[in-house]
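A.B. asks: So that you have it, the file is input_37.txt, and it contains compact mmCIF, C-alpha atoms:
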# COMPACT_ATOMS: atom_id res chain seq x y z
CA MET A 62 0.00 0.00 0.00
CA TRP A 63 2.80 2.45 0.91
CA LYS A 64 4.54 1.77 -2.40
CA LYS A 65 1.32 2.41 -4.32
CA THR A 66 0.71 5.62 -2.38
CA PHE A 67 4.27 6.80 -2.91
CA GLY A 68 4.03 6.03 -6.62
CA LEU A 69 0.80 7.97 -6.92
CA LEU A 70 2.26 10.97 -5.11
CA LEU A 71 5.33 10.84 -7.32
CA SER A 72 3.16 10.81 -10.46
CA LEU A 73 1.11 13.73 -9.20
CA ALA A 74 4.27 15.69 -8.38
CA LEU A 75 5.62 15.05 -11.86
CA CYS A 76 2.36 16.27 -13.48
CA LEU A 77 2.39 19.40 -11.32
CA THR A 78 5.99 20.09 -12.29
CA LEU A 79 5.12 19.77 -15.97
CA VAL A 80 2.17 22.12 -15.60
CA SER A 81 3.98 24.74 -13.53
CA SER A 82 7.30 24.86 -15.40
CA PRO A 83 6.94 26.85 -18.62
CA VAL A 84 9.26 26.10 -21.51
CA ALA A 85 11.81 28.86 -21.98
CA GLY A 86 11.06 31.07 -24.93
CA PRO A 87 11.10 34.63 -26.22
CA GLN A 88 9.62 37.16 -23.81
CA GLN A 89 7.67 40.17 -24.95
CA THR A 90 6.10 42.87 -22.83
CA ALA A 91 2.58 44.10 -23.41
CA ALA A 92 2.15 47.83 -23.81
CA ALA A 93 0.50 49.42 -20.83
CA ALA A 94 -3.19 48.60 -20.84
CA PRO A 95 -5.58 51.49 -20.28
CA SER A 96 -6.30 52.28 -16.65
CA PHE A 97 -9.90 51.40 -17.45
CA ALA A 98 -10.86 49.41 -20.53
CA LYS A 99 -13.90 50.51 -22.50
CA GLY A 100 -14.12 47.58 -24.84
CA ALA A 101 -15.94 45.78 -27.62
CA ASP A 102 -15.75 42.18 -28.77
CA ILE A 103 -15.18 42.48 -32.55
CA SER A 104 -14.74 38.80 -33.43
CA TRP A 105 -17.53 38.76 -36.01
CA VAL A 106 -16.03 41.69 -37.94
CA PRO A 107 -13.83 39.70 -40.39
CA GLY A 108 -16.63 37.28 -41.25
CA MET A 109 -19.18 40.06 -41.61
CA GLU A 110 -16.82 41.99 -43.88
CA ALA A 111 -16.29 38.86 -45.97
CA GLN A 112 -20.09 38.71 -46.36
CA GLY A 113 -20.18 42.30 -47.58
CA TYR A 114 -21.30 44.18 -44.47
CA LYS A 115 -20.31 47.86 -44.36
CA TRP A 116 -21.07 49.96 -41.31
CA LYS A 117 -22.24 53.56 -41.10
CA ASP A 118 -21.95 56.06 -38.28
CA LYS A 119 -24.95 57.83 -36.76
CA ASN A 120 -24.83 60.41 -39.56
CA GLY A 121 -25.07 57.72 -42.21
CA VAL A 122 -21.44 58.02 -43.32
CA GLN A 123 -19.82 54.69 -44.21
CA ARG A 124 -16.59 54.19 -42.21
CA ASP A 125 -14.36 51.45 -40.80
CA ILE A 126 -16.25 49.93 -37.87
CA LEU A 127 -13.12 50.10 -35.69
CA ASP A 128 -12.81 53.84 -36.36
CA ILE A 129 -16.46 54.37 -35.45
CA LEU A 130 -16.07 52.46 -32.18
CA LYS A 131 -12.91 54.34 -31.23
CA THR A 132 -13.67 57.88 -32.36
CA ASP A 133 -17.42 58.09 -31.84
CA TYR A 134 -17.77 56.02 -28.64
CA GLY A 135 -14.41 56.15 -26.86
CA ILE A 136 -13.72 52.43 -27.14
CA ASN A 137 -10.05 51.83 -26.31
CA SER A 138 -9.86 48.01 -26.21
CA VAL A 139 -11.05 45.08 -28.30
CA ARG A 140 -11.75 41.46 -27.49
CA ILE A 141 -11.08 38.69 -30.02
CA ARG A 142 -11.96 35.01 -29.70
CA VAL A 143 -9.81 32.16 -30.99
CA TRP A 144 -10.90 28.59 -31.70
CA VAL A 145 -8.60 25.60 -32.18
CA ASN A 146 -9.78 24.15 -35.54
CA PRO A 147 -12.94 26.08 -36.46
CA SER A 148 -15.09 25.64 -39.54
CA ASN A 149 -15.28 28.37 -42.18
CA ASP A 150 -18.82 29.27 -41.10
CA TYR A 151 -18.78 33.06 -40.70
CA GLY A 152 -20.95 33.13 -37.59
CA ASN A 153 -19.95 29.93 -35.78
CA GLY A 154 -16.35 29.44 -36.86
CA TYR A 155 -13.92 31.37 -39.04
CA MET A 156 -11.71 32.72 -36.23
CA THR A 157 -8.56 30.69 -36.77
CA VAL A 158 -5.37 31.70 -35.04
CA ASP A 159 -4.14 33.48 -38.18
CA ARG A 160 -7.38 35.42 -38.69
CA ALA A 161 -7.44 36.38 -35.02
CA ALA A 162 -3.82 37.57 -35.20
CA THR A 163 -4.55 39.59 -38.34
CA LEU A 164 -7.53 41.25 -36.64
CA ALA A 165 -5.44 41.92 -33.51
CA LYS A 166 -2.77 43.59 -35.65
CA ARG A 167 -5.40 45.75 -37.36
CA ALA A 168 -6.77 46.80 -33.97
CA LYS A 169 -3.35 47.48 -32.46
CA ASP A 170 -2.41 49.65 -35.44
CA LYS A 171 -5.45 51.80 -34.61
CA GLY A 172 -4.33 52.15 -30.98
CA PHE A 173 -6.54 49.57 -29.28
CA SER A 174 -5.47 47.31 -26.44
CA VAL A 175 -6.20 43.64 -27.14
CA MET A 176 -7.90 40.90 -25.12
CA LEU A 177 -7.94 37.32 -26.41
CA THR A 178 -10.59 34.86 -25.35
CA LEU A 179 -9.34 31.33 -25.91
CA HIS A 180 -12.13 28.85 -26.51
CA TYR A 181 -10.37 25.51 -26.04
CA SER A 182 -12.77 24.06 -28.56
CA ASP A 183 -13.48 24.08 -32.30
CA SER A 184 -16.66 26.13 -31.75
CA TRP A 185 -18.51 27.88 -28.94
CA ALA A 186 -17.45 27.15 -25.37
CA ASP A 187 -19.95 28.42 -22.79
CA PRO A 188 -21.72 27.29 -19.60
CA GLY A 189 -23.71 24.65 -21.46
CA LYS A 190 -20.90 23.13 -23.53
CA GLN A 191 -17.15 22.84 -23.22
CA THR A 192 -16.40 20.37 -26.01
CA LYS A 193 -12.80 19.33 -26.59
CA PRO A 194 -11.31 20.07 -30.00
CA ALA A 195 -11.79 17.01 -32.19
CA ALA A 196 -8.03 16.57 -32.49
CA TRP A 197 -7.72 16.33 -28.68
CA ALA A 198 -10.66 14.02 -28.05
CA GLY A 199 -8.63 10.89 -27.30
CA TYR A 200 -5.90 12.50 -25.21
CA THR A 201 -4.91 11.42 -21.72
CA PHE A 202 -5.13 14.17 -19.13
CA GLN A 203 -1.39 14.79 -19.31
CA GLN A 204 -1.63 15.08 -23.10
CA LEU A 205 -4.56 17.45 -22.66
CA MET A 206 -2.54 19.70 -20.35
CA ASP A 207 0.31 19.65 -22.85
CA ALA A 208 -2.09 20.51 -25.68
CA VAL A 209 -3.49 23.48 -23.76
CA TYR A 210 0.01 24.72 -23.02
CA ASN A 211 1.36 24.23 -26.53
CA TRP A 212 -1.66 25.66 -28.34
CA THR A 213 -1.78 28.69 -26.02
CA ARG A 214 1.89 29.35 -26.74
CA TYR A 215 1.19 28.96 -30.44
CA VAL A 216 -1.55 31.59 -30.24
CA MET A 217 0.71 33.95 -28.30
CA THR A 218 3.70 33.52 -30.61
CA SER A 219 1.44 33.94 -33.67
CA MET A 220 0.30 37.25 -32.20
CA GLN A 221 3.91 38.15 -31.45
CA ALA A 222 4.88 37.44 -35.07
CA LYS A 223 2.34 40.10 -36.12
CA GLY A 224 3.79 42.55 -33.61
CA VAL A 225 0.95 42.15 -31.09
CA THR A 226 1.31 41.35 -27.42
CA PRO A 227 -2.16 40.94 -25.89
CA ASP A 228 -2.86 42.88 -22.72
CA TRP A 229 -5.22 40.18 -21.45
CA VAL A 230 -5.87 36.52 -22.27
CA GLN A 231 -8.88 34.56 -21.07
CA ILE A 232 -8.03 30.98 -20.19
CA GLY A 233 -11.30 29.53 -21.44
CA ASN A 234 -14.67 31.15 -21.98
CA GLU A 235 -17.55 31.19 -19.48
CA THR A 236 -16.10 28.23 -17.61
CA ASN A 237 -18.95 28.04 -15.06
CA ASP A 238 -18.43 24.27 -14.81
CA GLY A 239 -14.84 24.10 -15.98
CA MET A 240 -13.48 23.40 -19.45
CA LEU A 241 -12.54 20.59 -21.82
CA TRP A 242 -15.26 18.24 -20.60
CA ASN A 243 -15.30 15.72 -19.18
CA ASP A 244 -11.69 15.79 -17.93
CA GLY A 245 -11.83 19.40 -16.77
CA ARG A 246 -15.44 19.55 -15.59
CA ALA A 247 -15.29 21.47 -12.31
CA SER A 248 -18.27 19.75 -10.70
CA THR A 249 -16.59 16.37 -11.03
CA ASN A 250 -12.88 17.26 -10.86
CA MET A 251 -11.99 20.76 -9.68
CA LYS A 252 -8.30 19.90 -9.53
CA ASN A 253 -8.21 18.97 -13.22
CA TYR A 254 -9.91 22.27 -14.03
CA ALA A 255 -7.30 24.11 -11.94
CA TRP A 256 -4.42 22.35 -13.66
CA LEU A 257 -5.82 23.16 -17.10
CA VAL A 258 -6.07 26.81 -16.08
CA ASN A 259 -2.45 26.62 -14.94
CA SER A 260 -1.42 25.12 -18.28
CA GLY A 261 -2.90 28.08 -20.14
CA HIS A 262 -1.68 30.66 -17.63
CA ASN A 263 1.89 29.35 -17.71
CA ALA A 264 1.92 29.32 -21.52
CA VAL A 265 0.82 32.96 -21.67
CA LYS A 266 3.44 34.01 -19.13
CA SER A 267 6.18 32.09 -20.96
CA VAL A 268 5.70 34.47 -23.90
CA SER A 269 4.69 37.67 -22.09
CA SER A 270 5.05 37.94 -18.33
CA SER A 271 3.12 41.23 -18.32
CA THR A 272 0.01 39.89 -20.06
CA LYS A 273 -2.80 39.38 -17.54
CA THR A 274 -4.71 36.10 -17.50
CA ILE A 275 -8.45 35.93 -16.83
CA VAL A 276 -10.83 33.25 -15.62
CA HIS A 277 -14.21 34.16 -17.06
CA ILE A 278 -17.55 33.10 -15.53
CA ALA A 279 -21.06 33.95 -16.76
CA ASN A 280 -23.89 35.37 -14.61
CA GLY A 281 -21.91 38.05 -12.83
CA TYR A 282 -24.68 38.53 -10.27
CA ASP A 283 -24.39 34.94 -8.92
CA ASN A 284 -22.09 35.13 -5.89
CA ALA A 285 -22.52 31.46 -4.93
CA LEU A 286 -21.35 30.35 -8.38
CA PHE A 287 -18.28 32.57 -8.29
CA VAL A 288 -17.26 31.59 -4.76
CA TRP A 289 -17.58 27.91 -5.66
CA ASN A 290 -15.69 28.24 -8.95
CA ILE A 291 -13.02 30.83 -8.17
CA GLY A 292 -12.57 29.59 -4.62
CA GLY A 293 -12.29 26.03 -5.88
CA LEU A 294 -9.64 27.01 -8.41
CA ILE A 295 -7.58 28.87 -5.86
CA SER A 296 -7.82 26.10 -3.27
CA ASN A 297 -6.52 23.69 -5.92
CA GLY A 298 -3.51 25.83 -6.77
CA ALA A 299 -4.69 27.61 -9.91
CA ASN A 300 -2.80 30.74 -10.95
CA PHE A 301 -4.52 33.59 -12.81
CA ASP A 302 -4.61 37.36 -12.52
CA ILE A 303 -8.16 38.65 -13.01
CA ILE A 304 -11.76 37.48 -12.51
CA GLY A 305 -13.91 38.05 -15.61
CA MET A 306 -17.71 38.23 -15.69
CA SER A 307 -20.56 38.21 -18.22
CA LEU A 308 -23.86 40.03 -17.71
CA TYR A 309 -26.84 40.03 -20.08
CA PRO A 310 -29.79 41.64 -18.30
CA THR A 311 -33.11 42.76 -19.73
CA ALA A 312 -34.48 46.28 -20.07
CA SER A 313 -36.61 45.67 -16.96
CA ASP A 314 -34.07 44.10 -14.59
CA TRP A 315 -30.74 45.63 -15.55
CA SER A 316 -30.50 47.97 -12.55
CA THR A 317 -31.06 45.12 -10.08
CA LYS A 318 -28.62 42.86 -11.93
CA VAL A 319 -25.94 45.56 -12.00
CA ASN A 320 -26.24 46.12 -8.25
CA GLN A 321 -26.05 42.37 -7.60
CA THR A 322 -22.98 42.12 -9.86
CA ILE A 323 -21.25 44.98 -8.05
CA SER A 324 -22.02 43.37 -4.69
CA ASN A 325 -20.59 40.09 -5.97
CA ALA A 326 -17.50 41.83 -7.34
CA ASN A 327 -16.77 43.58 -4.05
CA ASN A 328 -17.26 40.31 -2.16
CA LEU A 329 -14.80 38.53 -4.47
CA ILE A 330 -12.26 41.33 -4.07
CA SER A 331 -12.49 40.99 -0.28
CA ARG A 332 -12.11 37.21 -0.48
CA TYR A 333 -9.41 36.83 -3.16
CA ASN A 334 -7.92 40.31 -3.71
CA LYS A 335 -8.12 39.93 -7.48
CA PRO A 336 -9.19 42.62 -9.97
CA ILE A 337 -12.53 42.35 -11.77
CA ILE A 338 -13.25 42.92 -15.45
CA ILE A 339 -16.60 42.64 -17.21
CA THR A 340 -15.65 40.88 -20.44
CA GLU A 341 -19.17 40.59 -21.87
CA ILE A 342 -22.32 42.66 -21.63
CA GLY A 343 -25.26 43.01 -24.00
CA MET A 344 -28.93 43.96 -24.25
CA ASP A 345 -31.57 43.70 -26.96
CA TYR A 346 -30.88 46.15 -29.80
CA ASN A 347 -34.53 47.27 -29.75
CA GLN A 348 -34.11 48.65 -26.21
CA PRO A 349 -31.36 51.19 -26.98
CA ALA A 350 -32.24 53.73 -24.30
CA ALA A 351 -32.19 51.07 -21.58
CA ALA A 352 -28.96 49.64 -23.03
CA LYS A 353 -27.32 53.07 -22.95
CA SER A 354 -28.32 53.55 -19.30
CA PHE A 355 -27.16 50.03 -18.43
CA ILE A 356 -23.74 50.56 -20.03
CA ALA A 357 -23.23 53.91 -18.33
CA ASP A 358 -24.24 52.52 -14.94
CA ILE A 359 -22.16 49.36 -14.95
CA LYS A 360 -19.16 51.21 -16.37
CA THR A 361 -19.27 53.80 -13.59
CA LYS A 362 -19.81 51.25 -10.83
CA ILE A 363 -17.07 48.87 -12.02
CA ARG A 364 -14.66 51.81 -12.25
CA ASN A 365 -15.50 52.63 -8.62
CA LEU A 366 -15.05 49.15 -7.17
CA SER A 367 -13.28 48.91 -3.83
CA GLY A 368 -9.51 49.28 -3.96
CA GLY A 369 -9.56 50.45 -7.56
CA LYS A 370 -9.94 46.81 -8.63
CA GLY A 371 -12.39 47.44 -11.46
CA GLN A 372 -10.51 47.12 -14.76
CA GLY A 373 -13.07 47.60 -17.50
CA VAL A 374 -16.26 46.70 -19.36
CA PHE A 375 -16.57 45.08 -22.82
CA TYR A 376 -19.71 45.03 -24.98
CA TRP A 377 -20.15 41.77 -26.88
CA GLU A 378 -20.25 42.21 -30.66
CA PRO A 379 -21.88 45.68 -30.80
CA GLN A 380 -21.43 45.70 -34.59
CA ALA A 381 -23.92 42.84 -34.98
CA THR A 382 -27.06 43.77 -36.88
CA PRO A 383 -30.52 42.54 -35.81
CA SER A 384 -30.78 38.73 -35.85
CA TYR A 385 -27.29 38.28 -37.26
CA ASN A 386 -26.14 34.66 -37.36
CA GLY A 387 -29.63 33.25 -37.21
CA GLY A 388 -31.00 35.20 -34.29
CA TYR A 389 -28.49 37.24 -32.26
CA SER A 390 -30.18 40.52 -31.38
CA LYS A 391 -28.04 42.07 -28.65
CA GLY A 392 -25.85 44.13 -30.96
CA ALA A 393 -25.95 47.92 -31.23
CA TRP A 394 -26.34 48.42 -34.98
CA GLN A 395 -29.58 48.56 -36.95
CA ALA A 396 -30.57 46.92 -40.21
CA ASP A 397 -29.80 50.21 -42.03
CA MET A 398 -26.18 49.78 -40.81
CA LYS A 399 -26.39 52.84 -38.55
CA PRO A 400 -25.86 52.50 -34.77
CA THR A 401 -28.44 52.76 -32.04
CA ILE A 402 -27.73 55.09 -29.11
CA ALA A 403 -26.65 52.17 -26.89
CA MET A 404 -22.88 52.65 -27.19
CA GLU A 405 -23.21 56.27 -26.08
CA GLY A 406 -23.23 54.80 -22.60
CA PHE A 407 -19.44 54.54 -22.87
CA LEU A 408 -19.02 58.30 -23.46
CA ASN A 409 -18.13 59.55 -19.99
How would this structure read if it were set down as structure tokens?
C.D. replies:
Amino acid sequence: MWKKTFGLLLSLALCLTLVSSPVAGPQQTAAAAPSFAKGADISWVPGMEAQGYKWKDKNGVQRDILDILKTDYGINSVRIRVWVNPSNDYGNGYMTVDRAATLAKRAKDKGFSVMLTLHYSDSWADPGKQTKPAAWAGYTFQQLMDAVYNWTRYVMTSMQAKGVTPDWVQIGNETNDGMLWNDGRASTNMKNYAWLVNSGHNAVKSVSSSTKTIVHIANGYDNALFVWNIGGLISNGANFDIIGMSLYPTASDWSTKVNQTISNANNLISRYNKPIIITEIGMDYNQPAAAKSFIADIKTKIRNLSGGKGQGVFYWEPQATPSYNGGYSKGAWQADMKPTIAMEGFLN
């Protein structure tokens, strides 16, 4: 029995060493991120442009969507998702590493800071699905950790080759119940989830020690979920820099949901002393006045979090037109390709 126990402990120690010891490689430093990020996820932009979409400003003048976001609404940061081996479907795939790096370079050249959200999947990863990339489906857990590390480094070095060092990188997307199911499902193996987070975190830091890593959970108002998830990660040795949140309220409950989210954020700061960033918000495009008020309110309250720990707010795909991609209607542009007033909430 002692020999078996010793052997198991030795194996676990070896795995932990492999996860926590990044391979030496070129280091690059991210440019200073804004003191407060006013952001937009722009991941649909390349696919929409390939389909012929052309955006107009509120005066009806056709311009580059990135210029409109920056100049007209004060957006200083962009968020870009990356999938492992996506399809060429414009709405549900398309964002390969190369396309993401090209978009990041375009954004950086216009003066934006860059956040990457790494979906460790070939398509959407969210609270209801965290499907392994097809190429990783048969991997052992050690191979899975290695794949996360190596692919994350590949994304980072691909960005670096374009002259981009991301300011932030999400290790997974809306990992309410972990990632890379079933191996990294938090409700069945929190330690595996923590070690996968470490694999991604260590890979990011091996390329850029100044880039901040994020663990991103949906339902920012749900304190019990965050304490279980973030607390579980930390108690199992996970390393990451920032807690990320999503929030998608309605026109009727946004004020309550914002206050609950701020209460949750302050509680998490007191427990874990980590900064908070809202990496996704959205509201129905046909409620633009409520959306504007919601954006202004959450932006102000996140900026004023205790200890200056609030780092920013990102709107998810504001450039989406009504019912884009078969039904998404939480963008901030209309069918006539002119914006609603929603994004004006960022203007103070």
A.B. asks: Can you work out which one of A:Ala357, A:Leu366, A:Ala350, A:Leu130 has the shortest atom-to-atom distance to Phe407 in chain A, counting only C-alpha atoms?
C.D. replies: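 Nearest candidate to Phe407 in chain A out of A:Ala357, A:Leu366, A:Ala350, A:Leu130: A:Ala357.
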A.B. asks: What is the CA of Thr236 in chain A-CA of Arg142 in chain A distance in Å, reported with one decimal?
C.D. replies: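 Between these atoms lies a distance of 14.5 Å.
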A.B. asks: So, with only C-alpha atoms as the atoms that count, which of A:Ser390, A:Thr157, A:Asn365, A:Ser307 lies closest to Met220 in chain A?
C.D. replies: A:Thr157
A.B. asks: Could you name the residues that touch Gly135 in chain A at 10 Å or less, counting only C-alpha atoms, but leaving out those on the same chain fewer than 6 positions away, as a list of chain:residue names?
C.D. replies: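 Near Gly135 in chain A, the qualifying residues are A:Ala98, A:Lys99, A:Gly100, A:Asp128, A:Ile129, A:Met404, A:Glu405, A:Gly406, A:Phe407, A:Leu408, A:Asn409.
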A.B. asks: Please provide the set of residues having any atom within 7 Å of Ile337 in chain A, restricted to only C-alpha atoms, with same-chain residues fewer than 5 positions apart removed, written as a PDB file with C-alpha atoms, keeping the file's coordinate frame.
C.D. replies:
ATOM      1  CA  ILE A 303      -8.160  38.650 -13.010  1.00  0.00           C
ATOM      2  CA  ILE A 304     -11.760  37.480 -12.510  1.00  0.00           C
ATOM      3  CA  GLY A 305     -13.910  38.050 -15.610  1.00  0.00           C
ATOM      4  CA  ALA A 326     -17.500  41.830  -7.340  1.00  0.00           C
ATOM      5  CA  LYS A 370      -9.940  46.810  -8.630  1.00  0.00           C
ATOM      6  CA  GLY A 371     -12.390  47.440 -11.460  1.00  0.00           C
ATOM      7  CA  GLN A 372     -10.510  47.120 -14.760  1.00  0.00           C
TER       8      GLN A 372
END
A.B. asks: CA of Ser324 in chain A and CA of Tyr254 in chain A, how far apart in Å?
C.D. replies: 26.1 Å
A.B. asks: Find the residues around Gln231 in chain A up to 6 Å (only C-alpha atoms counted), leave out those fewer than 3 positions away in its own chain, and share them as a PyMOL selection string.
C.D. replies: chain A and resi 178-179+274-276
A.B. asks: Export C-alpha atoms of the chosen residues as a compact mmCIF listing (two decimals), in the coordinates of the input?
C.D. replies:
# COMPACT_ATOMS: atom_id res chain seq x y z
CA THR A 178 -10.59 34.86 -25.35
CA LEU A 179 -9.34 31.33 -25.91
CA THR A 274 -4.71 36.10 -17.50
CA ILE A 275 -8.45 35.93 -16.83
CA VAL A 276 -10.83 33.25 -15.62
A.B. asks: What does the structure give for the distance between CA of Gln321 in chain A and CA of Tyr282 in chain A, in Å to one decimal?
C.D. replies: 4.9 Å
A.B. asks: Which is closest to Thr249 in chain A among A:Gly293, A:Thr132, A:Asn137, A:Ser367, if we use all atoms listed in the file?
C.D. replies: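 Answer, going by the shortest atom-to-atom distance: A:Gly293.
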A.B. asks: For Thr218 in chain A, which residue among A:Ala352, A:Ala162, A:Ile363, A:Ile136 is the nearest when counting all atoms listed in the file?
C.D. replies: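 Distance minimum relative to Thr218 in chain A lands on A:Ala162.
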A.B. asks: Using only C-alpha atoms, which of A:Asn280, A:Asn250, A:Ser104, A:Asn120 sits nearest Asn325 in chain A?
C.D. replies: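 Smallest separation from Asn325 in chain A among the options: A:Asn280.
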A.B. asks: Around range 169-179 of chain A, with edges along x, y and z and 5 Å added on all six sides, what centre and edge lengths do you get, in Å to one decimal, as AutoDock Vina command-line options?
C.D. replies:
--center_x -6.5 --center_y 41.7 --center_z -30.3 --size_x 18.2 --size_y 30.8 --size_z 20.3
A.B. asks: Calculated over all atoms listed in the file, which of the candidates A:Asn253, A:Thr201, A:Asn334, A:Gln123 has the smallest distance to Pro400 in chain A?
C.D. replies: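 Among the listed residues, A:Gln123 lies closest to Pro400 in chain A.
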A.B. asks: Can you pull out the residues contacting Leu308 in chain A? Cut-off 12 Å, using all atoms listed in the file, and skip same-chain residues under 6 positions away; I want them as an MDAnalysis selection string.
C.D. replies: chainID A and resid 235 277:283 314:323 338:344 355:356 359 374:377 391
A.B. asks: I'd like the neighbourhood of range 188-200 of chain A as a PyMOL selection string, where a residue qualifies if any of its atoms comes within 7 Å (using all atoms listed in the file), though same-chain residues fewer than 6 positions away should be ignored.
C.D. replies: chain A and resi 145+181-182+235-238+240-242
A.B. asks: Generate the coordinates of all heavy atoms for range 321-328 of chain A; report them as a tab-separated table (two decimals), in the frame of the given file.
C.D. replies:
chain	number	residue	atom	x	y	z
A	321	GLN	N	-26.45	43.70	-8.07
A	321	GLN	CA	-26.05	42.37	-7.60
A	321	GLN	C	-24.63	42.02	-8.07
A	321	GLN	O	-23.84	41.43	-7.33
A	321	GLN	CB	-27.04	41.32	-8.10
A	321	GLN	CG	-28.41	41.40	-7.45
A	321	GLN	CD	-29.43	40.49	-8.12
A	321	GLN	OE1	-29.27	40.10	-9.28
A	321	GLN	NE2	-30.49	40.14	-7.40
A	322	THR	N	-24.32	42.39	-9.31
A	322	THR	CA	-22.98	42.12	-9.86
A	322	THR	C	-21.92	42.92	-9.11
A	322	THR	O	-20.83	42.39	-8.82
A	322	THR	CB	-22.96	42.45	-11.36
A	322	THR	OG1	-23.89	41.59	-12.04
A	322	THR	CG2	-21.57	42.24	-11.95
A	323	ILE	N	-22.21	44.16	-8.80
A	323	ILE	CA	-21.25	44.98	-8.05
A	323	ILE	C	-21.06	44.43	-6.65
A	323	ILE	O	-19.93	44.36	-6.13
A	323	ILE	CB	-21.72	46.45	-8.02
A	323	ILE	CG1	-21.78	47.03	-9.43
A	323	ILE	CG2	-20.80	47.29	-7.12
A	323	ILE	CD1	-20.48	46.94	-10.21
A	324	SER	N	-22.14	43.99	-6.02
A	324	SER	CA	-22.02	43.37	-4.69
A	324	SER	C	-21.17	42.11	-4.76
A	324	SER	O	-20.29	41.89	-3.90
A	324	SER	CB	-23.42	43.04	-4.16
A	324	SER	OG	-23.35	42.35	-2.92
A	325	ASN	N	-21.39	41.30	-5.78
A	325	ASN	CA	-20.59	40.09	-5.97
A	325	ASN	C	-19.13	40.45	-6.18
A	325	ASN	O	-18.23	39.84	-5.58
A	325	ASN	CB	-21.13	39.30	-7.17
A	325	ASN	CG	-20.38	38.02	-7.42
A	325	ASN	OD1	-19.84	37.40	-6.51
A	325	ASN	ND2	-20.33	37.61	-8.69
A	326	ALA	N	-18.88	41.44	-7.04
A	326	ALA	CA	-17.50	41.83	-7.34
A	326	ALA	C	-16.77	42.29	-6.07
A	326	ALA	O	-15.62	41.89	-5.82
A	326	ALA	CB	-17.49	42.94	-8.39
A	327	ASN	N	-17.41	43.11	-5.28
A	327	ASN	CA	-16.77	43.58	-4.05
A	327	ASN	C	-16.52	42.43	-3.07
A	327	ASN	O	-15.49	42.39	-2.39
A	327	ASN	CB	-17.61	44.68	-3.40
A	327	ASN	CG	-17.40	46.03	-4.05
A	327	ASN	OD1	-16.29	46.40	-4.41
A	327	ASN	ND2	-18.49	46.79	-4.21
A	328	ASN	N	-17.45	41.47	-3.02
A	328	ASN	CA	-17.26	40.31	-2.16
A	328	ASN	C	-16.05	39.49	-2.63
A	328	ASN	O	-15.23	39.04	-1.81
A	328	ASN	CB	-18.51	39.46	-2.16
A	328	ASN	CG	-18.38	38.21	-1.32
A	328	ASN	OD1	-18.07	37.13	-1.83
A	328	ASN	ND2	-18.59	38.32	-0.01
